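Inspection log for the structure reproduced underneath, given as structure tokens.
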Amino acid sequence: MRNLPTKIHIQNTLTGKETELPIWKNGITRLFVCGPTVYDRLHIGNARTYASFDNFVKFLRYTGIKVRYIQNITDIDDKIIKKAEEEKTTPEEIAQKYTKIFKENMRALDITSVDKYLPATDYIQEIISQVERLIEKNYAYKIEKDLTADKAGGYYFDLSKFPDYGKLAGRTIEQAEDGVSRIDENENKKNRGDFCLWKFPKTNLPLSKKKTKKPILLDGEPVWWAPFGWGRPGWHIEDTAISEKELGPQYEIHGGGRDLIFPHHEAEIAEQESVSGKKPFVQLWMHTGLMTVEGKKMSKSLGNFITVDEFLKNNDANLFRLIVAMHHYRSAMDISERETTAAKEALNNIKEFFAKLDLITKKGVKEKNEENLKTLISFEEKFVGGLTEDLNTPKSLAAVFESINKFSQNIWKLNKLTAKNIKSSFENHLKILGIKIEYTKPDKSTEKIIKEREIFRNKKEFSKSDELRRQIEAKGYKIDDTPLGPLVYKN
Ligand SMILES: [Zn+2]
């Protein structure tokens with residue numbers, strides 16, 4: 001059974017309104033989501049963003065929409081260079097190390113829908129081409145390096161040429177300029193908000209240096225040859241160069257964490273719309289909410305950063321995906337002891353329900369019940385319906401627990417085949433949210449004890465059967481005597 005929705009609506013940060021999902025052609029929609037800067041282990045706040053977009057893409061694909069989904073990897077950046085200095089290695093090695101960990105984290109969390117992860121250093125020629133075009137069109141200007149003041153210099157984007165700046169964040173240019181990041185500070189800029197497109201090296205190049213294909217390391221800083229001077233890319237231009245090459249100058253959806261709206265996404269709009277002269281760069285902008293830990297913002301200074309690795313040391317990946325789905329992707333969400341306990345209970349409820357369905361599939365009744373079939377259809381409609389309304393995963397999860405309650409009212413009367421269908425429907429739908437339910441069935445030696453216990457129970461030798469029950473429980477199993485026989489499983 002598959003209910004395909006007719007319309008999907010998504011909140012668009014650009015317009016502040018819900019937009020019908022934009023489709024490009026032949027049922028394809030193109031999506032770019034900002035990936036990680038690979039200088040450290042990924043924390044669960046970023047993982048929440050990637051899990052949310054994984055839900056989104058898995059849902060679109062479930063409905064038959066083809067998604068071309070790419071994510072960049074920022075593998076050249078100030079933070080990477082700094083980390084390499086600290087660890088006495090090269091920026092390349094730092095980037096490789098944390099890219100590997102990032103990809104392992106994604107696999108562990110079942111975030112599998114990205115078609116390609118694209119490292120910025122594979123796109124240096126495209127980046128150079130974008131900067132060149134911005135220079136030609138007079139959107140970019142040069143600040144000479146000032147070695148006496150330790151200012152590297154570079155090419156900057158001239159915001160006075162792009163009056164639309166601030167349209168995504170809903171800021172005026174002046175407000176936008178107040179929020180500009182420290183990275184782009186340089187007192188020789190024309191406008192306070194101007195951002196760097198191409199950074200010249202801090203150290204002078206040896207005079208003999210000729211054009212090379214690969215970057216050279218200059219005092220720990222990788223620099224590439226470009227017709228307008230050796231250097232390395234600014235952050236924002238990496239993403240537009242990658243997306244222009246892979247998706248074209250205009251595409252349907254761009255996503256990322258809420259904290260990227262300004263200045264990063266504003267800068268991307270300014271760059272790409274100026275390079276191509278085409279508006280809008282992207283039709284639909286989607287942003288995920290921030291994550292806090294026990295009510296506090298995650299920060300290095302508070303020492304409350306939870307990395308994905310740390311989370312997975314103590315918890316199951318399903319638990320993370322369930323907690324993510326329990327919150328609307330745009331809402332701020334808090335990870336707390338209470339939250340985790342509630343999610344564990346919810347997960348255990350589904351496991352128990354699955355264990356019951358398996359027992360019914362084996363030993364249940366054969367009479368059909370129309371009411372149960374209706375409940376199943378209504379579950380599927382509500383689950384899918386929730387996702388069509390701005391990816392309302394809490395609403396879809398509510399449909400899961402509502403229908404578990406409804407089926408549970410008379411569960412031992414469920415028809416064998418219906419029980420099987422319910423389970424496979426639940427599995428197929430929960431899979432969209434990255435949740436894969438598995439409980440542990442009794443092993444062979446436990447099976448033997450269960451059988452012996454049944455014999456004693458039939459003979460009404462209860463002290464003996466109770467002793468065997470204790471043995472089963474000592475192995476960590478739950479045991480429940482049902483009208484269809486004993487239900488034994490582990491969470
Ligand atoms: Zn980005």
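Chains: A, B, ... in order of the structure tokens. Residues: from 1 per chain. Ligands: from 1, in order shown.
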- Message: When DSSP is applied to the backbone of this structure, which of stretch 188-238 of chain A are assigned strand (DSSP E or B)? Write them out as a PyMOL selection string.
- Response: chain A and resi 196-199+216-218+221-224+231-233
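Considering only C-alpha atoms and all ligand atoms, the residues that reside within 8 Å of ligand 1 can be listed as Val33, Cys34, Gly35, Asn72, Trp235, His236, Glu238, Asp239, Gly256, Leu260, His264, His265 and Glu268 of chain A.
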Keeping only N, CA and C atoms, write the selected residues as a PDB file, in the first residue's frame.
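Final file, result.pdb:
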ATOM      1  N   VAL A  33      22.975  21.091   0.157  1.00  0.00           N
ATOM      2  CA  VAL A  33      23.000  21.372   1.598  1.00  0.00           C
ATOM      3  C   VAL A  33      24.456  21.623   2.006  1.00  0.00           C
ATOM      4  N   CYS A  34      24.666  22.682   2.789  1.00  0.00           N
ATOM      5  CA  CYS A  34      26.026  23.008   3.218  1.00  0.00           C
ATOM      6  C   CYS A  34      26.572  21.905   4.115  1.00  0.00           C
ATOM      7  N   GLY A  35      27.711  21.393   3.738  1.00  0.00           N
ATOM      8  CA  GLY A  35      28.330  20.311   4.500  1.00  0.00           C
ATOM      9  C   GLY A  35      29.282  20.840   5.574  1.00  0.00           C
ATOM     10  N   ASN A  72      28.591  19.889  -0.038  1.00  0.00           N
ATOM     11  CA  ASN A  72      30.017  20.226  -0.142  1.00  0.00           C
ATOM     12  C   ASN A  72      30.744  19.795   1.131  1.00  0.00           C
ATOM     13  N   TRP A 235      35.370  31.279   2.090  1.00  0.00           N
ATOM     14  CA  TRP A 235      34.437  30.194   2.381  1.00  0.00           C
ATOM     15  C   TRP A 235      33.231  30.162   1.422  1.00  0.00           C
ATOM     16  N   HIS A 236      32.536  31.312   1.289  1.00  0.00           N
ATOM     17  CA  HIS A 236      31.258  31.306   0.561  1.00  0.00           C
ATOM     18  C   HIS A 236      31.389  30.869  -0.898  1.00  0.00           C
ATOM     19  N   GLU A 238      33.295  28.785  -2.273  1.00  0.00           N
ATOM     20  CA  GLU A 238      33.466  27.347  -2.486  1.00  0.00           C
ATOM     21  C   GLU A 238      32.116  26.725  -2.873  1.00  0.00           C
ATOM     22  N   ASP A 239      31.083  27.108  -2.132  1.00  0.00           N
ATOM     23  CA  ASP A 239      29.778  26.481  -2.339  1.00  0.00           C
ATOM     24  C   ASP A 239      29.144  26.870  -3.667  1.00  0.00           C
ATOM     25  N   GLY A 256      20.417  24.213   4.980  1.00  0.00           N
ATOM     26  CA  GLY A 256      21.509  24.292   5.937  1.00  0.00           C
ATOM     27  C   GLY A 256      20.968  24.666   7.305  1.00  0.00           C
ATOM     28  N   LEU A 260      23.500  29.560   9.339  1.00  0.00           N
ATOM     29  CA  LEU A 260      24.203  29.845   8.086  1.00  0.00           C
ATOM     30  C   LEU A 260      23.499  30.899   7.237  1.00  0.00           C
ATOM     31  N   HIS A 264      26.575  33.602   5.488  1.00  0.00           N
ATOM     32  CA  HIS A 264      26.990  32.634   4.463  1.00  0.00           C
ATOM     33  C   HIS A 264      26.015  32.546   3.272  1.00  0.00           C
ATOM     34  N   HIS A 265      24.749  32.342   3.562  1.00  0.00           N
ATOM     35  CA  HIS A 265      23.810  32.165   2.444  1.00  0.00           C
ATOM     36  C   HIS A 265      23.508  33.466   1.714  1.00  0.00           C
ATOM     37  N   GLU A 268      26.294  33.751  -0.656  1.00  0.00           N
ATOM     38  CA  GLU A 268      26.137  32.851  -1.807  1.00  0.00           C
ATOM     39  C   GLU A 268      25.184  33.445  -2.851  1.00  0.00           C
TER      40      GLU A 268
END
- Task: Write out as an MDAnalysis selection string each polymer residue whose atoms come within 12 Å of A:Ala226, counting only C-alpha atoms; drop sequence neighbours fewer than 5 positions from it.
- Result: chainID A and resid 124:132 154:155 198:200 210:215 231:233
- Query: With only C-alpha atoms as the atoms that count, which of A:Gly170, A:Tyr251, A:Lys245, A:Ser274 lies nearest to A:Asn138?
  - Reply: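 For A:Asn138, the nearest of the given residues is A:Ser274.
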Can you list every residue in stretch 66-249 of chain A that DSSP puts in helix (DSSP H, G or I), as a short mmCIF file (atom, residue, chain, number, x, y, z; two decimals) with N, CA and C atoms, in the first residue's frame?
data_model
loop_
_atom_site.label_atom_id
_atom_site.label_comp_id
_atom_site.auth_asym_id
_atom_site.auth_seq_id
_atom_site.Cartn_x
_atom_site.Cartn_y
_atom_site.Cartn_z
N ASP A 78 40.46 28.57 7.33
CA ASP A 78 41.34 29.04 8.42
C ASP A 78 41.42 28.05 9.57
N LYS A 79 40.25 27.49 9.92
CA LYS A 79 40.21 26.58 11.08
C LYS A 79 41.05 25.32 10.83
N ILE A 80 41.04 24.86 9.58
CA ILE A 80 41.81 23.66 9.24
C ILE A 80 43.30 23.96 9.31
N ILE A 81 43.68 25.14 8.80
CA ILE A 81 45.09 25.54 8.82
C ILE A 81 45.57 25.66 10.27
N LYS A 82 44.72 26.25 11.12
CA LYS A 82 45.09 26.45 12.53
C LYS A 82 45.26 25.10 13.24
N LYS A 83 44.31 24.19 12.95
CA LYS A 83 44.38 22.86 13.57
C LYS A 83 45.65 22.12 13.13
N ALA A 84 46.01 22.29 11.86
CA ALA A 84 47.22 21.62 11.35
C ALA A 84 48.46 22.15 12.08
N GLU A 85 48.47 23.46 12.33
CA GLU A 85 49.59 24.04 13.10
C GLU A 85 49.65 23.42 14.48
N GLU A 86 48.49 23.35 15.15
CA GLU A 86 48.44 22.79 16.50
C GLU A 86 48.91 21.34 16.54
N PRO A 91 47.40 20.79 6.48
CA PRO A 91 45.96 20.98 6.38
C PRO A 91 45.28 19.82 5.64
N GLU A 92 45.99 19.30 4.65
CA GLU A 92 45.43 18.19 3.87
C GLU A 92 45.15 16.97 4.74
N GLU A 93 46.11 16.68 5.63
CA GLU A 93 45.92 15.51 6.50
C GLU A 93 44.79 15.71 7.50
N ILE A 94 44.69 16.94 8.02
CA ILE A 94 43.57 17.24 8.94
C ILE A 94 42.25 17.04 8.21
N ALA A 95 42.17 17.59 7.00
CA ALA A 95 40.92 17.50 6.23
C ALA A 95 40.57 16.04 5.94
N GLN A 96 41.59 15.26 5.58
CA GLN A 96 41.32 13.85 5.25
C GLN A 96 40.85 13.08 6.49
N LYS A 97 41.51 13.35 7.60
CA LYS A 97 41.16 12.64 8.84
C LYS A 97 39.70 12.90 9.23
N TYR A 98 39.32 14.18 9.22
CA TYR A 98 37.96 14.49 9.71
C TYR A 98 36.88 14.23 8.65
N THR A 99 37.28 14.20 7.37
CA THR A 99 36.31 13.80 6.35
C THR A 99 35.95 12.33 6.55
N LYS A 100 36.96 11.54 6.86
CA LYS A 100 36.75 10.11 7.06
C LYS A 100 35.81 9.89 8.26
N ILE A 101 36.09 10.59 9.36
CA ILE A 101 35.24 10.45 10.55
C ILE A 101 33.82 10.91 10.25
N PHE A 102 33.72 12.02 9.53
CA PHE A 102 32.39 12.54 9.16
C PHE A 102 31.59 11.49 8.39
N LYS A 103 32.21 10.89 7.40
CA LYS A 103 31.49 9.90 6.59
C LYS A 103 31.12 8.66 7.41
N GLU A 104 31.99 8.28 8.32
CA GLU A 104 31.66 7.14 9.20
C GLU A 104 30.46 7.49 10.07
N ASN A 105 30.44 8.72 10.58
CA ASN A 105 29.30 9.18 11.41
C ASN A 105 28.00 9.13 10.61
N MET A 106 28.08 9.57 9.36
CA MET A 106 26.87 9.59 8.53
C MET A 106 26.33 8.17 8.32
N ARG A 107 27.25 7.25 8.05
CA ARG A 107 26.82 5.85 7.87
C ARG A 107 26.22 5.31 9.16
N ALA A 108 26.87 5.60 10.29
CA ALA A 108 26.39 5.07 11.57
C ALA A 108 25.00 5.60 11.89
N ALA A 120 35.81 21.01 -1.53
CA ALA A 120 36.07 22.27 -2.22
C ALA A 120 37.38 22.23 -3.02
N THR A 121 38.38 21.52 -2.50
CA THR A 121 39.67 21.54 -3.20
C THR A 121 39.62 20.81 -4.55
N ASP A 122 38.55 20.08 -4.81
CA ASP A 122 38.38 19.49 -6.15
C ASP A 122 37.81 20.52 -7.13
N TYR A 123 37.46 21.70 -6.65
CA TYR A 123 36.77 22.69 -7.49
C TYR A 123 37.51 24.02 -7.56
N ILE A 124 38.83 23.97 -7.39
CA ILE A 124 39.61 25.22 -7.38
C ILE A 124 39.48 25.96 -8.73
N GLN A 125 39.48 25.21 -9.83
CA GLN A 125 39.37 25.89 -11.14
C GLN A 125 38.03 26.60 -11.28
N GLU A 126 36.96 25.96 -10.77
CA GLU A 126 35.62 26.57 -10.83
C GLU A 126 35.57 27.81 -9.93
N ILE A 127 36.25 27.72 -8.78
CA ILE A 127 36.28 28.86 -7.86
C ILE A 127 37.00 30.03 -8.53
N ILE A 128 38.16 29.72 -9.14
CA ILE A 128 38.93 30.76 -9.82
C ILE A 128 38.08 31.40 -10.92
N SER A 129 37.35 30.56 -11.65
CA SER A 129 36.51 31.09 -12.73
C SER A 129 35.42 32.03 -12.19
N GLN A 130 34.84 31.68 -11.05
CA GLN A 130 33.82 32.58 -10.48
C GLN A 130 34.44 33.91 -10.05
N VAL A 131 35.60 33.84 -9.42
CA VAL A 131 36.26 35.09 -8.97
C VAL A 131 36.61 35.94 -10.20
N GLU A 132 37.12 35.30 -11.24
CA GLU A 132 37.47 36.02 -12.48
C GLU A 132 36.28 36.76 -13.06
N ARG A 133 35.15 36.06 -13.11
CA ARG A 133 33.95 36.69 -13.68
C ARG A 133 33.47 37.85 -12.80
N LEU A 134 33.61 37.68 -11.48
CA LEU A 134 33.20 38.77 -10.58
C LEU A 134 34.13 39.98 -10.73
N ILE A 135 35.42 39.71 -11.00
CA ILE A 135 36.37 40.82 -11.23
C ILE A 135 35.99 41.54 -12.54
N GLU A 136 35.77 40.73 -13.59
CA GLU A 136 35.41 41.30 -14.90
C GLU A 136 34.17 42.18 -14.83
N LEU A 147 52.03 43.57 4.41
CA LEU A 147 52.78 42.65 5.28
C LEU A 147 53.21 43.30 6.59
N THR A 148 53.38 44.63 6.57
CA THR A 148 53.78 45.30 7.80
C THR A 148 52.69 45.18 8.86
N ALA A 149 51.43 45.22 8.40
CA ALA A 149 50.33 45.14 9.37
C ALA A 149 49.78 43.73 9.48
N LEU A 159 29.79 45.02 -1.80
CA LEU A 159 28.35 44.94 -1.51
C LEU A 159 27.56 46.14 -2.05
N SER A 160 28.22 47.26 -2.28
CA SER A 160 27.48 48.42 -2.80
C SER A 160 26.94 48.13 -4.20
N LYS A 161 27.48 47.07 -4.85
CA LYS A 161 27.02 46.71 -6.20
C LYS A 161 25.84 45.73 -6.15
N ILE A 173 21.09 46.40 4.32
CA ILE A 173 22.55 46.28 4.13
C ILE A 173 23.28 46.76 5.38
N GLU A 174 22.80 47.84 5.98
CA GLU A 174 23.47 48.38 7.18
C GLU A 174 23.41 47.37 8.32
N GLN A 175 22.20 46.82 8.54
CA GLN A 175 22.07 45.81 9.61
C GLN A 175 22.96 44.61 9.30
N ALA A 176 22.96 44.25 8.02
CA ALA A 176 23.74 43.10 7.62
C ALA A 176 25.22 43.34 7.89
N GLU A 177 25.65 44.55 7.63
CA GLU A 177 27.08 44.85 7.80
C GLU A 177 27.50 44.82 9.27
N ASP A 178 26.54 45.09 10.17
CA ASP A 178 26.86 45.04 11.59
C ASP A 178 27.21 43.62 12.04
N ARG A 182 34.34 38.19 11.88
CA ARG A 182 35.68 38.65 12.11
C ARG A 182 36.66 38.20 11.01
N ILE A 183 36.32 37.05 10.43
CA ILE A 183 37.20 36.47 9.41
C ILE A 183 37.44 37.45 8.26
N ASP A 184 36.40 38.22 7.95
CA ASP A 184 36.50 39.10 6.80
C ASP A 184 36.94 40.51 7.17
N TRP A 235 35.37 31.28 2.09
CA TRP A 235 34.44 30.19 2.38
C TRP A 235 33.23 30.16 1.42
N HIS A 236 32.54 31.31 1.29
CA HIS A 236 31.26 31.31 0.56
C HIS A 236 31.39 30.87 -0.90
N ILE A 237 32.50 31.29 -1.53
CA ILE A 237 32.65 31.03 -2.97
C ILE A 237 32.84 29.55 -3.27
N GLU A 238 33.30 28.78 -2.27
CA GLU A 238 33.47 27.35 -2.49
C GLU A 238 32.12 26.72 -2.87
N ASP A 239 31.08 27.11 -2.13
CA ASP A 239 29.78 26.48 -2.34
C ASP A 239 29.14 26.87 -3.67
N THR A 240 29.25 28.15 -4.04
CA THR A 240 28.62 28.55 -5.30
C THR A 240 29.37 27.97 -6.49
N ALA A 241 30.69 27.84 -6.36
CA ALA A 241 31.45 27.26 -7.48
C ALA A 241 31.06 25.79 -7.67
N ILE A 242 30.91 25.08 -6.55
CA ILE A 242 30.52 23.67 -6.63
C ILE A 242 29.11 23.54 -7.18
N SER A 243 28.19 24.34 -6.66
CA SER A 243 26.79 24.15 -7.09
C SER A 243 26.60 24.60 -8.55
N GLU A 244 27.35 25.63 -8.98
CA GLU A 244 27.21 26.06 -10.38
C GLU A 244 27.65 24.94 -11.32
N LYS A 245 28.77 24.30 -10.94
CA LYS A 245 29.28 23.21 -11.79
C LYS A 245 28.34 22.01 -11.78
N GLU A 246 27.86 21.64 -10.60
CA GLU A 246 27.12 20.38 -10.47
C GLU A 246 25.62 20.52 -10.73
N LEU A 247 25.04 21.68 -10.38
CA LEU A 247 23.58 21.82 -10.49
C LEU A 247 23.18 22.91 -11.48
#
- Item | Shell of 9 Å around A:Thr418, only C-alpha atoms, local chain residues under 6 positions omitted, as a list of chain:residue names |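 Near neighbours after the sequence-gap exclusion: A:Thr361, A:Lys368, A:Asn369, A:Asn372, A:Leu373, A:Leu376.
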Compile the contact shell of A:Gly257 as a CSV table (one decimal) with C-alpha atoms, in the first residue's frame: residues with an atom at most 7 Å away, counting only C-alpha atoms, same-chain residues fewer than 3 positions apart removed.
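Contents of result.csv, freshly written:
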chain,number,residue,atom,x,y,z
A,49,THR,CA,20.7,19.2,10.2
A,260,LEU,CA,24.2,29.8,8.1
A,287,HIS,CA,16.8,26.0,7.4
A,288,THR,CA,17.0,23.8,10.4
A,289,GLY,CA,16.7,25.0,14.0
Just the residues within 8 Å of stretch 302-319 of chain A, please, counting only C-alpha atoms, with nothing from its chain fewer than 3 positions along; format it as an mmCIF file with N, CA and C atoms, in the first residue's frame.
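Written out: part-v4.cif:
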data_model
loop_
_atom_site.group_PDB
_atom_site.id
_atom_site.type_symbol
_atom_site.label_atom_id
_atom_site.label_comp_id
_atom_site.auth_asym_id
_atom_site.auth_seq_id
_atom_site.Cartn_x
_atom_site.Cartn_y
_atom_site.Cartn_z
ATOM 1 N N ARG A 41 35.748 16.749 15.103
ATOM 2 C CA ARG A 41 34.671 15.760 15.068
ATOM 3 C C ARG A 41 33.328 16.454 14.970
ATOM 4 N N LEU A 42 32.409 15.829 14.276
ATOM 5 C CA LEU A 42 31.076 16.392 14.077
ATOM 6 C C LEU A 42 30.295 16.350 15.392
ATOM 7 N N HIS A 43 29.581 17.445 15.696
ATOM 8 C CA HIS A 43 28.729 17.388 16.889
ATOM 9 C C HIS A 43 27.274 17.129 16.500
ATOM 10 N N ILE A 44 26.476 16.759 17.487
ATOM 11 C CA ILE A 44 25.117 16.293 17.172
ATOM 12 C C ILE A 44 24.213 17.413 16.655
ATOM 13 N N ALA A 47 24.716 17.155 13.072
ATOM 14 C CA ALA A 47 24.132 15.880 12.638
ATOM 15 C C ALA A 47 22.610 16.009 12.542
ATOM 16 N N ASN A 105 30.440 8.724 10.582
ATOM 17 C CA ASN A 105 29.299 9.175 11.405
ATOM 18 C C ASN A 105 27.999 9.127 10.606
ATOM 19 N N ALA A 108 26.872 5.603 10.287
ATOM 20 C CA ALA A 108 26.393 5.074 11.571
ATOM 21 C C ALA A 108 24.998 5.600 11.893
ATOM 22 N N LEU A 109 24.701 6.829 11.472
ATOM 23 C CA LEU A 109 23.383 7.413 11.766
ATOM 24 C C LEU A 109 22.368 7.132 10.663
ATOM 25 N N ASP A 110 22.748 6.293 9.696
ATOM 26 C CA ASP A 110 21.897 5.959 8.566
ATOM 27 C C ASP A 110 21.506 7.190 7.747
ATOM 28 N N VAL A 293 21.932 21.865 24.555
ATOM 29 C CA VAL A 293 22.126 20.723 25.450
ATOM 30 C C VAL A 293 21.720 21.140 26.857
ATOM 31 N N MET A 298 25.413 24.843 22.659
ATOM 32 C CA MET A 298 26.631 24.034 22.675
ATOM 33 C C MET A 298 27.812 24.925 22.353
ATOM 34 N N SER A 299 28.820 24.910 23.184
ATOM 35 C CA SER A 299 30.005 25.707 22.864
ATOM 36 C C SER A 299 31.247 25.073 23.473
ATOM 37 N N LEU A 322 15.149 9.160 16.207
ATOM 38 C CA LEU A 322 13.818 9.351 16.792
ATOM 39 C C LEU A 322 13.725 10.722 17.465
ATOM 40 N N ILE A 323 14.756 11.086 18.235
ATOM 41 C CA ILE A 323 14.740 12.398 18.904
ATOM 42 C C ILE A 323 14.662 13.516 17.860
ATOM 43 N N THR A 340 15.904 12.256 26.257
ATOM 44 C CA THR A 340 16.473 10.960 25.875
ATOM 45 C C THR A 340 15.680 9.822 26.512
ATOM 46 N N ALA A 343 12.427 9.386 24.672
ATOM 47 C CA ALA A 343 12.624 8.759 23.364
ATOM 48 C C ALA A 343 12.898 7.261 23.513
ATOM 49 N N LYS A 344 13.661 6.899 24.566
ATOM 50 C CA LYS A 344 13.940 5.482 24.791
ATOM 51 C C LYS A 344 12.646 4.712 25.034
ATOM 52 N N LEU A 347 10.770 4.294 21.837
ATOM 53 C CA LEU A 347 11.410 3.278 21.008
ATOM 54 C C LEU A 347 11.051 1.876 21.520
ATOM 55 N N GLY A 434 14.719 7.321 9.057
ATOM 56 C CA GLY A 434 15.995 6.733 9.478
ATOM 57 C C GLY A 434 15.869 5.843 10.701
ATOM 58 N N ILE A 435 14.646 5.383 11.003
ATOM 59 C CA ILE A 435 14.444 4.561 12.200
ATOM 60 C C ILE A 435 14.235 3.107 11.777
ATOM 61 N N LYS A 436 15.106 2.242 12.285
ATOM 62 C CA LYS A 436 15.003 0.817 11.948
ATOM 63 C C LYS A 436 14.865 0.039 13.249
ATOM 64 N N ILE A 437 13.673 -0.493 13.462
ATOM 65 C CA ILE A 437 13.378 -1.138 14.741
ATOM 66 C C ILE A 437 13.811 -2.599 14.741
#
- Task: In Å, rounded to a single decimal, give me how far atom CA of A:Tyr139 is from atom CA of A:Gly153.
- Result: 16.5 Å
- Query: Given the choices A:His9, A:Lys460, A:Lys413, A:Lys58, which gets closest to A:His429 if the distance is worked out from only C-alpha atoms?
  - Reply: A:Lys58
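One distance worth recording is that between atom CA of A:Leu205 and atom CA of A:Asp146, which is 13.9 Å.
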- Considering only C-alpha atoms, state which residue in the set A:Tyr156, A:Lys475, A:Gly27, A:Thr74 is at the smallest distance from A:Leu118.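 Looking only at the distances to A:Leu118, the closest residue turns out to be A:Thr74.
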- Can you tell me, as number ranges by chain, what residues are no more than 10 Å from A:Glu187 when counting only C-alpha atoms, ignoring any on the same chain fewer than 3 positions away? A: 143, 151, 184, 190-192
- Item | Pick from A:Thr6, A:Ala346, A:Lys356, A:Phe262 nearest to A:Leu387, counting only C-alpha atoms | A:Thr6
Show me a table, sorted first by chain and then by increasing residue number, of the residues of stretch 31-143 of chain A having an atom at most 12 Å from stretch 392-397 of chain A, each with its shortest atom pair and the distance in Å to one decimal, counting only C-alpha atoms and written as a tab-separated table.
residue	atom	partner	partner_atom	distance
A:Ala51	CA	A:Thr393	CA	11.8
A:Ser52	CA	A:Thr393	CA	9.3
A:Phe53	CA	A:Thr393	CA	11.8
A:Asn55	CA	A:Thr393	CA	8.6
A:Phe56	CA	A:Thr393	CA	9.6
A:Phe59	CA	A:Thr393	CA	10.6
- Task: Return the single residue from A:Asn415, A:Ser445, A:Asn348, A:Gln283 that is closest to A:Ile23, with distances computed using only C-alpha atoms.
- Result: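 Checking each candidate against A:Ile23, we get A:Gln283 as the closest.
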- Message: My list of candidates is A:Ile253, A:Met286, A:Val38, A:Leu417. Which is closest to A:Asp390 when distances are computed with only C-alpha atoms?
- Response: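 Among the listed residues, A:Met286 lies closest to A:Asp390.
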